[in-house]
Structures are given as C-alpha cells and as structure tokens.
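Colleague: Here you go, model.cif (mmCIF, N, CA and C atoms):
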data_query
#
loop_
_atom_site.label_atom_id
_atom_site.label_comp_id
_atom_site.auth_asym_id
_atom_site.auth_seq_id
_atom_site.Cartn_x
_atom_site.Cartn_y
_atom_site.Cartn_z
N MET Q 1 -20.73 83.06 -74.00
CA MET Q 1 -21.95 83.63 -74.55
C MET Q 1 -23.01 83.65 -73.46
N ARG Q 2 -23.60 84.81 -73.23
CA ARG Q 2 -24.64 84.97 -72.22
C ARG Q 2 -25.99 84.64 -72.85
N LYS Q 3 -26.78 83.82 -72.18
CA LYS Q 3 -28.09 83.43 -72.69
C LYS Q 3 -29.16 84.02 -71.79
N THR Q 4 -30.15 84.67 -72.38
CA THR Q 4 -31.26 85.25 -71.63
C THR Q 4 -32.43 84.29 -71.66
N ILE Q 5 -33.00 83.99 -70.50
CA ILE Q 5 -34.15 83.10 -70.40
C ILE Q 5 -35.32 83.89 -69.85
N PHE Q 6 -36.46 83.77 -70.50
CA PHE Q 6 -37.66 84.47 -70.06
C PHE Q 6 -38.62 83.47 -69.44
N LEU Q 7 -38.92 83.63 -68.15
CA LEU Q 7 -39.84 82.76 -67.45
C LEU Q 7 -41.03 83.58 -66.96
N VAL Q 8 -42.06 83.60 -67.74
CA VAL Q 8 -43.26 84.37 -67.40
C VAL Q 8 -44.45 83.52 -67.76
N SER Q 9 -45.49 83.54 -66.93
CA SER Q 9 -46.62 82.65 -67.18
C SER Q 9 -47.83 83.30 -67.83
N GLU Q 10 -47.98 84.62 -67.71
CA GLU Q 10 -49.16 85.23 -68.30
C GLU Q 10 -48.86 86.62 -68.85
N THR Q 11 -49.69 87.03 -69.80
CA THR Q 11 -49.54 88.32 -70.45
C THR Q 11 -50.18 89.41 -69.59
N SER Q 12 -49.47 90.53 -69.42
CA SER Q 12 -50.02 91.65 -68.65
C SER Q 12 -50.66 92.69 -69.55
N CYS Q 13 -50.39 92.64 -70.85
CA CYS Q 13 -50.98 93.56 -71.81
C CYS Q 13 -50.83 92.97 -73.20
N GLY Q 14 -51.44 93.61 -74.17
CA GLY Q 14 -51.40 93.13 -75.54
C GLY Q 14 -52.81 92.85 -76.02
N ASN Q 15 -52.92 92.22 -77.21
CA ASN Q 15 -54.24 92.01 -77.78
C ASN Q 15 -54.13 91.10 -78.99
N PHE Q 16 -55.29 90.56 -79.41
CA PHE Q 16 -55.41 89.87 -80.68
C PHE Q 16 -55.94 90.88 -81.67
N LEU Q 17 -55.22 91.10 -82.76
CA LEU Q 17 -55.57 92.13 -83.72
C LEU Q 17 -55.86 91.50 -85.08
N ASN Q 18 -57.01 91.85 -85.64
CA ASN Q 18 -57.39 91.41 -86.98
C ASN Q 18 -57.68 92.65 -87.79
N GLY Q 19 -57.40 92.59 -89.05
CA GLY Q 19 -57.72 93.73 -89.88
C GLY Q 19 -56.57 94.13 -90.75
N PRO Q 20 -56.86 95.01 -91.67
CA PRO Q 20 -55.83 95.34 -92.66
C PRO Q 20 -54.70 96.21 -92.13
N SER Q 21 -54.93 96.99 -91.04
CA SER Q 21 -53.87 97.86 -90.55
C SER Q 21 -54.20 98.34 -89.14
N GLY Q 22 -53.17 98.89 -88.48
CA GLY Q 22 -53.35 99.43 -87.15
C GLY Q 22 -52.04 99.89 -86.57
N THR Q 23 -52.10 100.34 -85.33
CA THR Q 23 -50.92 100.82 -84.60
C THR Q 23 -50.85 100.13 -83.25
N VAL Q 24 -49.66 99.76 -82.84
CA VAL Q 24 -49.42 99.12 -81.55
C VAL Q 24 -48.38 99.95 -80.82
N THR Q 25 -48.60 100.17 -79.51
CA THR Q 25 -47.63 100.89 -78.68
C THR Q 25 -47.40 100.13 -77.38
N SER Q 26 -46.26 100.38 -76.77
CA SER Q 26 -45.99 99.84 -75.44
C SER Q 26 -46.90 100.53 -74.43
N SER Q 27 -47.06 99.94 -73.26
CA SER Q 27 -47.92 100.52 -72.24
C SER Q 27 -47.46 101.93 -71.88
N ASN Q 28 -48.40 102.82 -71.67
CA ASN Q 28 -48.18 104.22 -71.28
C ASN Q 28 -47.53 105.09 -72.35
N TYR Q 29 -47.29 104.56 -73.54
CA TYR Q 29 -46.64 105.33 -74.60
C TYR Q 29 -47.45 106.58 -74.91
N PRO Q 30 -46.86 107.76 -75.04
CA PRO Q 30 -45.43 108.05 -75.16
C PRO Q 30 -44.70 108.23 -73.83
N GLY Q 31 -45.38 107.97 -72.71
CA GLY Q 31 -44.68 107.94 -71.43
C GLY Q 31 -43.91 106.64 -71.30
N ASN Q 32 -43.16 106.48 -70.23
CA ASN Q 32 -42.37 105.27 -70.02
C ASN Q 32 -43.27 104.07 -69.75
N TYR Q 33 -42.88 102.92 -70.31
CA TYR Q 33 -43.60 101.68 -70.03
C TYR Q 33 -43.38 101.25 -68.59
N ASP Q 34 -44.14 100.26 -68.14
CA ASP Q 34 -44.07 99.77 -66.76
C ASP Q 34 -42.92 98.78 -66.58
N ASN Q 35 -42.47 98.63 -65.34
CA ASN Q 35 -41.57 97.54 -64.98
C ASN Q 35 -42.33 96.23 -65.06
N ASP Q 36 -41.62 95.17 -65.36
CA ASP Q 36 -42.17 93.82 -65.38
C ASP Q 36 -43.34 93.64 -66.35
N ASP Q 37 -43.32 94.36 -67.45
CA ASP Q 37 -44.33 94.16 -68.49
C ASP Q 37 -44.05 92.85 -69.23
N TYR Q 38 -45.11 92.17 -69.60
CA TYR Q 38 -45.03 90.99 -70.45
C TYR Q 38 -46.25 91.08 -71.37
N CYS Q 39 -46.05 91.62 -72.55
CA CYS Q 39 -47.16 91.94 -73.45
C CYS Q 39 -47.04 91.13 -74.73
N THR Q 40 -48.18 90.66 -75.21
CA THR Q 40 -48.20 89.89 -76.45
C THR Q 40 -49.30 90.41 -77.36
N TRP Q 41 -48.92 90.71 -78.59
CA TRP Q 41 -49.88 91.09 -79.62
C TRP Q 41 -49.80 90.05 -80.72
N GLN Q 42 -50.93 89.49 -81.08
CA GLN Q 42 -50.97 88.59 -82.23
C GLN Q 42 -51.75 89.29 -83.33
N ILE Q 43 -51.12 89.44 -84.47
CA ILE Q 43 -51.70 90.15 -85.60
C ILE Q 43 -52.01 89.14 -86.69
N GLN Q 44 -53.26 89.14 -87.13
CA GLN Q 44 -53.67 88.21 -88.18
C GLN Q 44 -54.36 88.95 -89.31
N VAL Q 45 -53.98 88.61 -90.53
CA VAL Q 45 -54.59 89.16 -91.73
C VAL Q 45 -55.13 87.99 -92.54
N PRO Q 46 -55.89 88.23 -93.61
CA PRO Q 46 -56.46 87.13 -94.38
C PRO Q 46 -55.39 86.17 -94.93
N VAL Q 47 -55.79 84.92 -95.14
CA VAL Q 47 -54.92 83.92 -95.75
C VAL Q 47 -54.46 84.48 -97.10
N ASN Q 48 -53.27 84.14 -97.49
CA ASN Q 48 -52.62 84.63 -98.71
C ASN Q 48 -52.18 86.08 -98.63
N LYS Q 49 -52.21 86.67 -97.43
CA LYS Q 49 -51.65 87.99 -97.19
C LYS Q 49 -50.53 87.84 -96.17
N LYS Q 50 -49.74 88.88 -96.00
CA LYS Q 50 -48.66 88.91 -95.01
C LYS Q 50 -48.80 90.15 -94.15
N VAL Q 51 -48.07 90.17 -93.04
CA VAL Q 51 -48.10 91.30 -92.11
C VAL Q 51 -46.78 92.04 -92.21
N ARG Q 52 -46.86 93.35 -92.40
CA ARG Q 52 -45.65 94.18 -92.42
C ARG Q 52 -45.67 95.10 -91.21
N LEU Q 53 -44.55 95.13 -90.47
CA LEU Q 53 -44.37 96.02 -89.32
C LEU Q 53 -43.42 97.15 -89.71
N ASP Q 54 -43.78 98.36 -89.32
CA ASP Q 54 -42.91 99.51 -89.51
C ASP Q 54 -42.83 100.26 -88.17
N PHE Q 55 -41.68 100.21 -87.51
CA PHE Q 55 -41.51 100.90 -86.24
C PHE Q 55 -41.37 102.39 -86.47
N THR Q 56 -42.09 103.17 -85.68
CA THR Q 56 -41.99 104.63 -85.76
C THR Q 56 -41.16 105.19 -84.61
N GLU Q 57 -41.04 104.41 -83.53
CA GLU Q 57 -40.24 104.82 -82.35
C GLU Q 57 -39.78 103.55 -81.65
N PHE Q 58 -38.57 103.59 -81.07
CA PHE Q 58 -38.07 102.43 -80.33
C PHE Q 58 -37.02 102.86 -79.33
N LYS Q 59 -37.37 102.80 -78.05
CA LYS Q 59 -36.44 103.14 -76.98
C LYS Q 59 -36.71 102.21 -75.79
N THR Q 60 -35.83 101.21 -75.62
CA THR Q 60 -35.95 100.30 -74.48
C THR Q 60 -34.61 100.22 -73.75
N GLU Q 61 -34.61 99.63 -72.58
CA GLU Q 61 -33.38 99.48 -71.81
C GLU Q 61 -32.50 98.41 -72.49
N THR Q 62 -31.31 98.81 -72.89
CA THR Q 62 -30.40 97.91 -73.61
C THR Q 62 -30.05 96.69 -72.76
N GLY Q 63 -30.20 95.52 -73.36
CA GLY Q 63 -29.83 94.27 -72.71
C GLY Q 63 -30.77 93.82 -71.61
N LYS Q 64 -31.88 94.53 -71.39
CA LYS Q 64 -32.79 94.19 -70.28
C LYS Q 64 -34.25 94.09 -70.73
N ASP Q 65 -34.67 94.96 -71.64
CA ASP Q 65 -36.06 95.01 -72.08
C ASP Q 65 -36.09 94.73 -73.58
N TYR Q 66 -36.93 93.78 -74.00
CA TYR Q 66 -36.85 93.26 -75.36
C TYR Q 66 -38.19 93.27 -76.08
N VAL Q 67 -38.12 93.47 -77.40
CA VAL Q 67 -39.24 93.20 -78.30
C VAL Q 67 -38.82 91.98 -79.12
N LEU Q 68 -39.67 90.96 -79.08
CA LEU Q 68 -39.40 89.72 -79.80
C LEU Q 68 -40.46 89.55 -80.89
N ILE Q 69 -40.05 89.17 -82.08
CA ILE Q 69 -40.98 88.96 -83.17
C ILE Q 69 -40.96 87.48 -83.55
N TYR Q 70 -42.16 86.89 -83.55
CA TYR Q 70 -42.34 85.49 -83.91
C TYR Q 70 -43.09 85.43 -85.23
N ASP Q 71 -42.54 84.71 -86.19
CA ASP Q 71 -43.17 84.62 -87.50
C ASP Q 71 -44.23 83.53 -87.51
N THR Q 72 -45.04 83.52 -88.56
CA THR Q 72 -46.14 82.58 -88.73
C THR Q 72 -45.76 81.16 -88.33
N SER Q 73 -46.53 80.59 -87.40
CA SER Q 73 -46.37 79.22 -86.87
C SER Q 73 -44.97 78.85 -86.38
N GLN Q 74 -44.17 79.81 -85.98
CA GLN Q 74 -42.87 79.56 -85.36
C GLN Q 74 -42.86 80.23 -83.99
N TYR Q 75 -43.78 79.82 -83.12
CA TYR Q 75 -43.95 80.50 -81.84
C TYR Q 75 -43.06 79.95 -80.74
N ASP Q 76 -42.26 78.93 -81.04
CA ASP Q 76 -41.37 78.39 -80.02
C ASP Q 76 -40.09 79.19 -79.88
N ARG Q 77 -39.77 80.02 -80.90
CA ARG Q 77 -38.57 80.86 -80.81
C ARG Q 77 -38.76 82.11 -81.67
N PRO Q 78 -38.29 83.23 -81.20
CA PRO Q 78 -38.44 84.45 -81.99
C PRO Q 78 -37.53 84.43 -83.22
N VAL Q 79 -37.99 85.07 -84.27
CA VAL Q 79 -37.20 85.22 -85.48
C VAL Q 79 -36.15 86.29 -85.27
N ILE Q 80 -36.53 87.34 -84.53
CA ILE Q 80 -35.63 88.45 -84.30
C ILE Q 80 -35.97 89.11 -82.96
N VAL Q 81 -34.95 89.66 -82.30
CA VAL Q 81 -35.11 90.30 -80.99
C VAL Q 81 -34.47 91.68 -81.06
N PHE Q 82 -35.19 92.68 -80.54
CA PHE Q 82 -34.67 94.04 -80.53
C PHE Q 82 -34.62 94.57 -79.10
N ASP Q 83 -33.60 95.39 -78.81
CA ASP Q 83 -33.52 96.11 -77.55
C ASP Q 83 -32.67 97.35 -77.77
N GLY Q 84 -32.76 98.29 -76.84
CA GLY Q 84 -31.87 99.44 -76.88
C GLY Q 84 -32.51 100.73 -77.35
N THR Q 85 -31.66 101.74 -77.51
CA THR Q 85 -32.14 103.07 -77.85
C THR Q 85 -31.43 103.68 -79.05
N THR Q 86 -30.47 102.99 -79.62
CA THR Q 86 -29.67 103.59 -80.69
C THR Q 86 -30.37 103.56 -82.04
N TYR Q 87 -30.93 102.40 -82.40
CA TYR Q 87 -31.52 102.24 -83.72
C TYR Q 87 -32.98 101.83 -83.66
N LYS Q 88 -33.75 102.33 -84.57
CA LYS Q 88 -35.12 101.90 -84.75
C LYS Q 88 -35.07 100.62 -85.59
N PRO Q 89 -35.81 99.57 -85.19
CA PRO Q 89 -35.77 98.33 -85.98
C PRO Q 89 -36.22 98.57 -87.42
N PRO Q 90 -35.64 97.83 -88.36
CA PRO Q 90 -36.04 97.98 -89.76
C PRO Q 90 -37.43 97.39 -89.98
N PRO Q 91 -38.07 97.70 -91.09
CA PRO Q 91 -39.36 97.08 -91.40
C PRO Q 91 -39.22 95.56 -91.44
N PHE Q 92 -40.29 94.88 -91.09
CA PHE Q 92 -40.30 93.41 -91.06
C PHE Q 92 -41.58 92.92 -91.71
N THR Q 93 -41.46 91.95 -92.60
CA THR Q 93 -42.63 91.35 -93.24
C THR Q 93 -42.65 89.86 -92.93
N SER Q 94 -43.80 89.38 -92.48
CA SER Q 94 -43.95 87.98 -92.10
C SER Q 94 -43.90 87.07 -93.32
N SER Q 95 -43.73 85.77 -93.08
CA SER Q 95 -43.74 84.79 -94.16
C SER Q 95 -45.15 84.28 -94.43
N GLY Q 96 -46.07 84.53 -93.50
CA GLY Q 96 -47.45 84.08 -93.64
C GLY Q 96 -48.41 85.14 -93.12
N ASN Q 97 -49.61 84.72 -92.76
CA ASN Q 97 -50.65 85.69 -92.40
C ASN Q 97 -50.78 86.00 -90.91
N VAL Q 98 -49.89 85.46 -90.08
CA VAL Q 98 -49.95 85.71 -88.63
C VAL Q 98 -48.56 86.10 -88.14
N LEU Q 99 -48.54 87.08 -87.24
CA LEU Q 99 -47.29 87.53 -86.65
C LEU Q 99 -47.55 87.79 -85.17
N ARG Q 100 -46.63 87.39 -84.33
CA ARG Q 100 -46.76 87.64 -82.90
C ARG Q 100 -45.60 88.52 -82.45
N VAL Q 101 -45.94 89.57 -81.70
CA VAL Q 101 -44.94 90.49 -81.16
C VAL Q 101 -45.06 90.45 -79.64
N ARG Q 102 -43.93 90.28 -78.97
CA ARG Q 102 -43.93 90.20 -77.51
C ARG Q 102 -42.97 91.25 -76.97
N PHE Q 103 -43.38 91.91 -75.88
CA PHE Q 103 -42.51 92.87 -75.20
C PHE Q 103 -42.32 92.41 -73.78
N ILE Q 104 -41.07 92.36 -73.33
CA ILE Q 104 -40.74 91.92 -71.97
C ILE Q 104 -39.81 92.95 -71.35
N SER Q 105 -40.22 93.50 -70.19
CA SER Q 105 -39.35 94.43 -69.46
C SER Q 105 -39.01 93.84 -68.10
N ASP Q 106 -37.85 94.20 -67.59
CA ASP Q 106 -37.44 93.72 -66.28
C ASP Q 106 -37.99 94.64 -65.19
N GLY Q 107 -37.52 94.50 -63.99
CA GLY Q 107 -38.05 95.28 -62.87
C GLY Q 107 -37.25 96.51 -62.52
N ALA Q 108 -36.40 96.99 -63.42
CA ALA Q 108 -35.54 98.13 -63.10
C ALA Q 108 -35.92 99.36 -63.93
N THR Q 109 -35.02 99.78 -64.76
CA THR Q 109 -35.17 101.01 -65.55
C THR Q 109 -36.22 100.87 -66.65
N THR Q 110 -36.99 101.93 -66.89
CA THR Q 110 -37.92 101.94 -68.01
C THR Q 110 -37.56 103.09 -68.96
N ARG Q 111 -38.08 103.00 -70.16
CA ARG Q 111 -37.84 104.01 -71.19
C ARG Q 111 -39.17 104.34 -71.88
N LYS Q 112 -39.08 105.14 -72.92
CA LYS Q 112 -40.28 105.57 -73.65
C LYS Q 112 -41.01 104.40 -74.30
N GLY Q 113 -40.28 103.39 -74.73
CA GLY Q 113 -40.92 102.23 -75.34
C GLY Q 113 -40.94 102.30 -76.85
N PHE Q 114 -42.05 101.87 -77.42
CA PHE Q 114 -42.08 101.74 -78.87
C PHE Q 114 -43.47 101.99 -79.42
N SER Q 115 -43.49 102.23 -80.72
CA SER Q 115 -44.71 102.33 -81.49
C SER Q 115 -44.41 101.74 -82.86
N PHE Q 116 -45.34 100.92 -83.37
CA PHE Q 116 -45.20 100.44 -84.74
C PHE Q 116 -46.56 100.37 -85.41
N ASN Q 117 -46.52 100.53 -86.71
CA ASN Q 117 -47.72 100.37 -87.53
C ASN Q 117 -47.64 99.00 -88.18
N TYR Q 118 -48.80 98.37 -88.35
CA TYR Q 118 -48.83 97.12 -89.10
C TYR Q 118 -49.85 97.27 -90.23
N LYS Q 119 -49.61 96.51 -91.29
CA LYS Q 119 -50.57 96.51 -92.40
C LYS Q 119 -50.44 95.20 -93.16
N GLN Q 120 -51.54 94.80 -93.77
CA GLN Q 120 -51.49 93.61 -94.61
C GLN Q 120 -50.90 93.99 -95.97
N VAL Q 121 -50.10 93.07 -96.49
CA VAL Q 121 -49.49 93.28 -97.80
C VAL Q 121 -49.72 92.02 -98.64
N GLY Q 122 -49.47 92.13 -99.94
CA GLY Q 122 -49.73 91.03 -100.86
C GLY Q 122 -48.93 89.78 -100.56
N LYS Q 123 -49.39 88.68 -101.09
CA LYS Q 123 -48.77 87.37 -100.80
C LYS Q 123 -47.41 87.19 -101.44
N TYR Q 124 -47.02 88.03 -102.37
CA TYR Q 124 -45.76 87.82 -103.07
C TYR Q 124 -44.59 88.59 -102.46
N ASN Q 125 -44.80 89.29 -101.35
CA ASN Q 125 -43.68 89.94 -100.66
C ASN Q 125 -42.83 88.87 -100.00
N ILE Q 126 -41.54 89.08 -99.92
CA ILE Q 126 -40.65 88.10 -99.30
C ILE Q 126 -40.36 88.50 -97.86
N LEU Q 127 -39.96 87.54 -97.06
CA LEU Q 127 -39.59 87.78 -95.67
C LEU Q 127 -38.41 88.74 -95.65
N SER Q 128 -38.56 89.83 -94.89
CA SER Q 128 -37.46 90.78 -94.81
C SER Q 128 -37.24 91.20 -93.38
N ILE Q 129 -35.98 91.39 -93.03
CA ILE Q 129 -35.64 91.89 -91.69
C ILE Q 129 -34.56 92.94 -91.80
#
Please lay out the structure from this file as structure tokens.

Modeller:
Amino acid sequence: MRKTIFLVSETSCGNFLNGPSGTVTSSNYPGNYDNDDYCTWQIQVPVNKKVRLDFTEFKTETGKDYVLIYDTSQYDRPVIVFDGTTYKPPPFTSSGNVLRVRFISDGATTRKGFSFNYKQVGKYNILSI
C-alpha cells in the first residue's frame, strides 16, 4: 500500500469564509491551477447548522493533486480525499458547523481544478459522502 505524506508549512491561498453560502474555486479557475499550491478554506456557519458542499467541476492530476475535506473538529486527518478527472465528487454535508477544505498540488502537471458551492443547511441533516 502506497502512503502519501504532505509536508507543507504554510497556505499559499484560501480563506476563512463565514456566511450562509458562497462559491470556492482553485487558483486561476477556470484556467489551470498553479504548481505547488497549498490552499486551505475554512467554512463556518452558525452553531446548530451544517455545511453542504456541491462540486460543480473537478479536474485534478490523478494521484498527484488532491482535495481533502476535514469535518468539524477532526483536523488531524481528512474525512475524504478526492483526485482525478473522471468523476465529480458527490455532495458532502458536515457533521457540525465548520468544514475545512484543502487543495494540494505537486510541482508537475496542472489541470483546470475545481469549483464548489457551499451553503448552510439545517441541523437535522446527516453526514453524507
């Protein structure tokens, strides 16, 4: 089993996002993202709400460039990791009111990247991937 280790010390792009909804894209979208990107977006909605992500586009270098999703207060390991160009990730709803999305690209090939919409949803939605 091959294990991928990410050793990066600082974020090159991303943002802290508050509010009921918005859109997040990779750098230069809809053009190709940069080599060696390390981007972090933290999305927070009011307590007793959850965050739902809906990807509208997803094209990254398979096995090299990754989108990692970290659920509420589980920032030591991603809940799910996406890469590649074949499938758009399914909708994802957090278990709490904070969600962190990280994008990491290597120093070689780049692709179009990704775009997703986020929105706050009611507290009774269940975690879905």

Colleague: When you draw a straight line from atom C of Asn97 of chain Q to atom N of Leu68 of chain Q, how long is it in Å?

Modeller: 17.0 Å

Colleague: Counting only N, CA and C atoms, what is within 6 Å of segment 48-56 of chain Q, bar same-chain residues fewer than 6 positions away, as a ChimeraX atom specification?

Modeller: /Q:89-98,115-123

Colleague: Write a file of the selected residues as a CSV table (one decimal), keeping the file's coordinate frame, keeping N, CA and C atoms.

Modeller:
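Writing done, so here's out-v2.csv:
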chain,number,residue,atom,x,y,z
Q,89,PRO,N,-35.8,99.6,-85.2
Q,89,PRO,CA,-35.8,98.3,-86.0
Q,89,PRO,C,-36.2,98.6,-87.4
Q,90,PRO,N,-35.6,97.8,-88.4
Q,90,PRO,CA,-36.0,98.0,-89.8
Q,90,PRO,C,-37.4,97.4,-90.0
Q,91,PRO,N,-38.1,97.7,-91.1
Q,91,PRO,CA,-39.4,97.1,-91.4
Q,91,PRO,C,-39.2,95.6,-91.4
Q,92,PHE,N,-40.3,94.9,-91.1
Q,92,PHE,CA,-40.3,93.4,-91.1
Q,92,PHE,C,-41.6,92.9,-91.7
Q,93,THR,N,-41.5,92.0,-92.6
Q,93,THR,CA,-42.6,91.4,-93.2
Q,93,THR,C,-42.6,89.9,-92.9
Q,94,SER,N,-43.8,89.4,-92.5
Q,94,SER,CA,-44.0,88.0,-92.1
Q,94,SER,C,-43.9,87.1,-93.3
Q,95,SER,N,-43.7,85.8,-93.1
Q,95,SER,CA,-43.7,84.8,-94.2
Q,95,SER,C,-45.2,84.3,-94.4
Q,96,GLY,N,-46.1,84.5,-93.5
Q,96,GLY,CA,-47.4,84.1,-93.6
Q,96,GLY,C,-48.4,85.1,-93.1
Q,97,ASN,N,-49.6,84.7,-92.8
Q,97,ASN,CA,-50.6,85.7,-92.4
Q,97,ASN,C,-50.8,86.0,-90.9
Q,98,VAL,N,-49.9,85.5,-90.1
Q,98,VAL,CA,-50.0,85.7,-88.6
Q,98,VAL,C,-48.6,86.1,-88.1
Q,115,SER,N,-43.5,102.2,-80.7
Q,115,SER,CA,-44.7,102.3,-81.5
Q,115,SER,C,-44.4,101.7,-82.9
Q,116,PHE,N,-45.3,100.9,-83.4
Q,116,PHE,CA,-45.2,100.4,-84.7
Q,116,PHE,C,-46.6,100.4,-85.4
Q,117,ASN,N,-46.5,100.5,-86.7
Q,117,ASN,CA,-47.7,100.4,-87.5
Q,117,ASN,C,-47.6,99.0,-88.2
Q,118,TYR,N,-48.8,98.4,-88.4
Q,118,TYR,CA,-48.8,97.1,-89.1
Q,118,TYR,C,-49.8,97.3,-90.2
Q,119,LYS,N,-49.6,96.5,-91.3
Q,119,LYS,CA,-50.6,96.5,-92.4
Q,119,LYS,C,-50.4,95.2,-93.2
Q,120,GLN,N,-51.5,94.8,-93.8
Q,120,GLN,CA,-51.5,93.6,-94.6
Q,120,GLN,C,-50.9,94.0,-96.0
Q,121,VAL,N,-50.1,93.1,-96.5
Q,121,VAL,CA,-49.5,93.3,-97.8
Q,121,VAL,C,-49.7,92.0,-98.6
Q,122,GLY,N,-49.5,92.1,-99.9
Q,122,GLY,CA,-49.7,91.0,-100.9
Q,122,GLY,C,-48.9,89.8,-100.6
Q,123,LYS,N,-49.4,88.7,-101.1
Q,123,LYS,CA,-48.8,87.4,-100.8
Q,123,LYS,C,-47.4,87.2,-101.4

Colleague: I would like the residues chosen by the PyMOL selection byres ((chain Q and resi 61-65) around 8) on the shown file; could you give them as an MDAnalysis selection string?

Modeller: chainID Q and resid 58:60 66:68 82:86 103:107 109:113

Colleague: Generate the output file for the selected residues, N, CA and C atoms, as a compact mmCIF listing (two decimals), keeping the file's coordinate frame.

Modeller:
# COMPACT_ATOMS: atom_id res chain seq x y z
N PHE Q 58 -38.57 103.59 -81.07
CA PHE Q 58 -38.07 102.43 -80.33
C PHE Q 58 -37.02 102.86 -79.33
N LYS Q 59 -37.37 102.80 -78.05
CA LYS Q 59 -36.44 103.14 -76.98
C LYS Q 59 -36.71 102.21 -75.79
N THR Q 60 -35.83 101.21 -75.62
CA THR Q 60 -35.95 100.30 -74.48
C THR Q 60 -34.61 100.22 -73.75
N TYR Q 66 -36.93 93.78 -74.00
CA TYR Q 66 -36.85 93.26 -75.36
C TYR Q 66 -38.19 93.27 -76.08
N VAL Q 67 -38.12 93.47 -77.40
CA VAL Q 67 -39.24 93.20 -78.30
C VAL Q 67 -38.82 91.98 -79.12
N LEU Q 68 -39.67 90.96 -79.08
CA LEU Q 68 -39.40 89.72 -79.80
C LEU Q 68 -40.46 89.55 -80.89
N PHE Q 82 -35.19 92.68 -80.54
CA PHE Q 82 -34.67 94.04 -80.53
C PHE Q 82 -34.62 94.57 -79.10
N ASP Q 83 -33.60 95.39 -78.81
CA ASP Q 83 -33.52 96.11 -77.55
C ASP Q 83 -32.67 97.35 -77.77
N GLY Q 84 -32.76 98.29 -76.84
CA GLY Q 84 -31.87 99.44 -76.88
C GLY Q 84 -32.51 100.73 -77.35
N THR Q 85 -31.66 101.74 -77.51
CA THR Q 85 -32.14 103.07 -77.85
C THR Q 85 -31.43 103.68 -79.05
N THR Q 86 -30.47 102.99 -79.62
CA THR Q 86 -29.67 103.59 -80.69
C THR Q 86 -30.37 103.56 -82.04
N PHE Q 103 -43.38 91.91 -75.88
CA PHE Q 103 -42.51 92.87 -75.20
C PHE Q 103 -42.32 92.41 -73.78
N ILE Q 104 -41.07 92.36 -73.33
CA ILE Q 104 -40.74 91.92 -71.97
C ILE Q 104 -39.81 92.95 -71.35
N SER Q 105 -40.22 93.50 -70.19
CA SER Q 105 -39.35 94.43 -69.46
C SER Q 105 -39.01 93.84 -68.10
N ASP Q 106 -37.85 94.20 -67.59
CA ASP Q 106 -37.44 93.72 -66.28
C ASP Q 106 -37.99 94.64 -65.19
N GLY Q 107 -37.52 94.50 -63.99
CA GLY Q 107 -38.05 95.28 -62.87
C GLY Q 107 -37.25 96.51 -62.52
N THR Q 109 -35.02 99.78 -64.76
CA THR Q 109 -35.17 101.01 -65.55
C THR Q 109 -36.22 100.87 -66.65
N THR Q 110 -36.99 101.93 -66.89
CA THR Q 110 -37.92 101.94 -68.01
C THR Q 110 -37.56 103.09 -68.96
N ARG Q 111 -38.08 103.00 -70.16
CA ARG Q 111 -37.84 104.01 -71.19
C ARG Q 111 -39.17 104.34 -71.88
N LYS Q 112 -39.08 105.14 -72.92
CA LYS Q 112 -40.28 105.57 -73.65
C LYS Q 112 -41.01 104.40 -74.30
N GLY Q 113 -40.28 103.39 -74.73
CA GLY Q 113 -40.92 102.23 -75.34
C GLY Q 113 -40.94 102.30 -76.85

Colleague: Can you measure atom N of Ile43 of chain Q to atom N of Asp76 of chain Q for me? One decimal in Å is fine.

Modeller: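 Taking atom N of Ile43 of chain Q as the start and atom N of Asp76 of chain Q as the end point, the length is 14.2 Å.
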
Colleague: If you run DSSP over the backbone, which residues in chain Q end up strand (DSSP E or B)? Put them as number ranges by chain.

Modeller: Q: 13-18, 21-25, 38-44, 50-59, 66-70, 80-82, 92-93, 98-104, 113-121, 128

Colleague: What does the distance from atom N of Ile80 of chain Q to atom C of Arg100 of chain Q come to in Å, to one decimal?

Modeller: 9.4 Å

Colleague: Residues proximal to (-52.2, 93.2, -78.0) were defined as those with any atom within 7 Å of that point in the file's coordinates, counting all atoms listed in the file. Which are they, as a list of chain:residue names?

Modeller: Q:Cys13, Q:Gly14, Q:Asn15, Q:Phe16, Q:Leu17, Q:Cys39, Q:Thr40, Q:Trp41, Q:Gln42

Colleague: Mind telling me what the PyMOL selection byres (((chain Q and resi 45 and name CA) around 6) and name CA) catches here, as a list in words?

Modeller: Asn18, Gly19, Gln44, Pro46 and Asn97 of chain Q

Colleague: Please determine, counting all atoms listed in the file, which residue among Q:Val47, Q:Asp71, Q:Asp34, Q:Tyr87 has the shortest atom-to-atom distance to Ala108 of chain Q.

Modeller: Q:Asp34
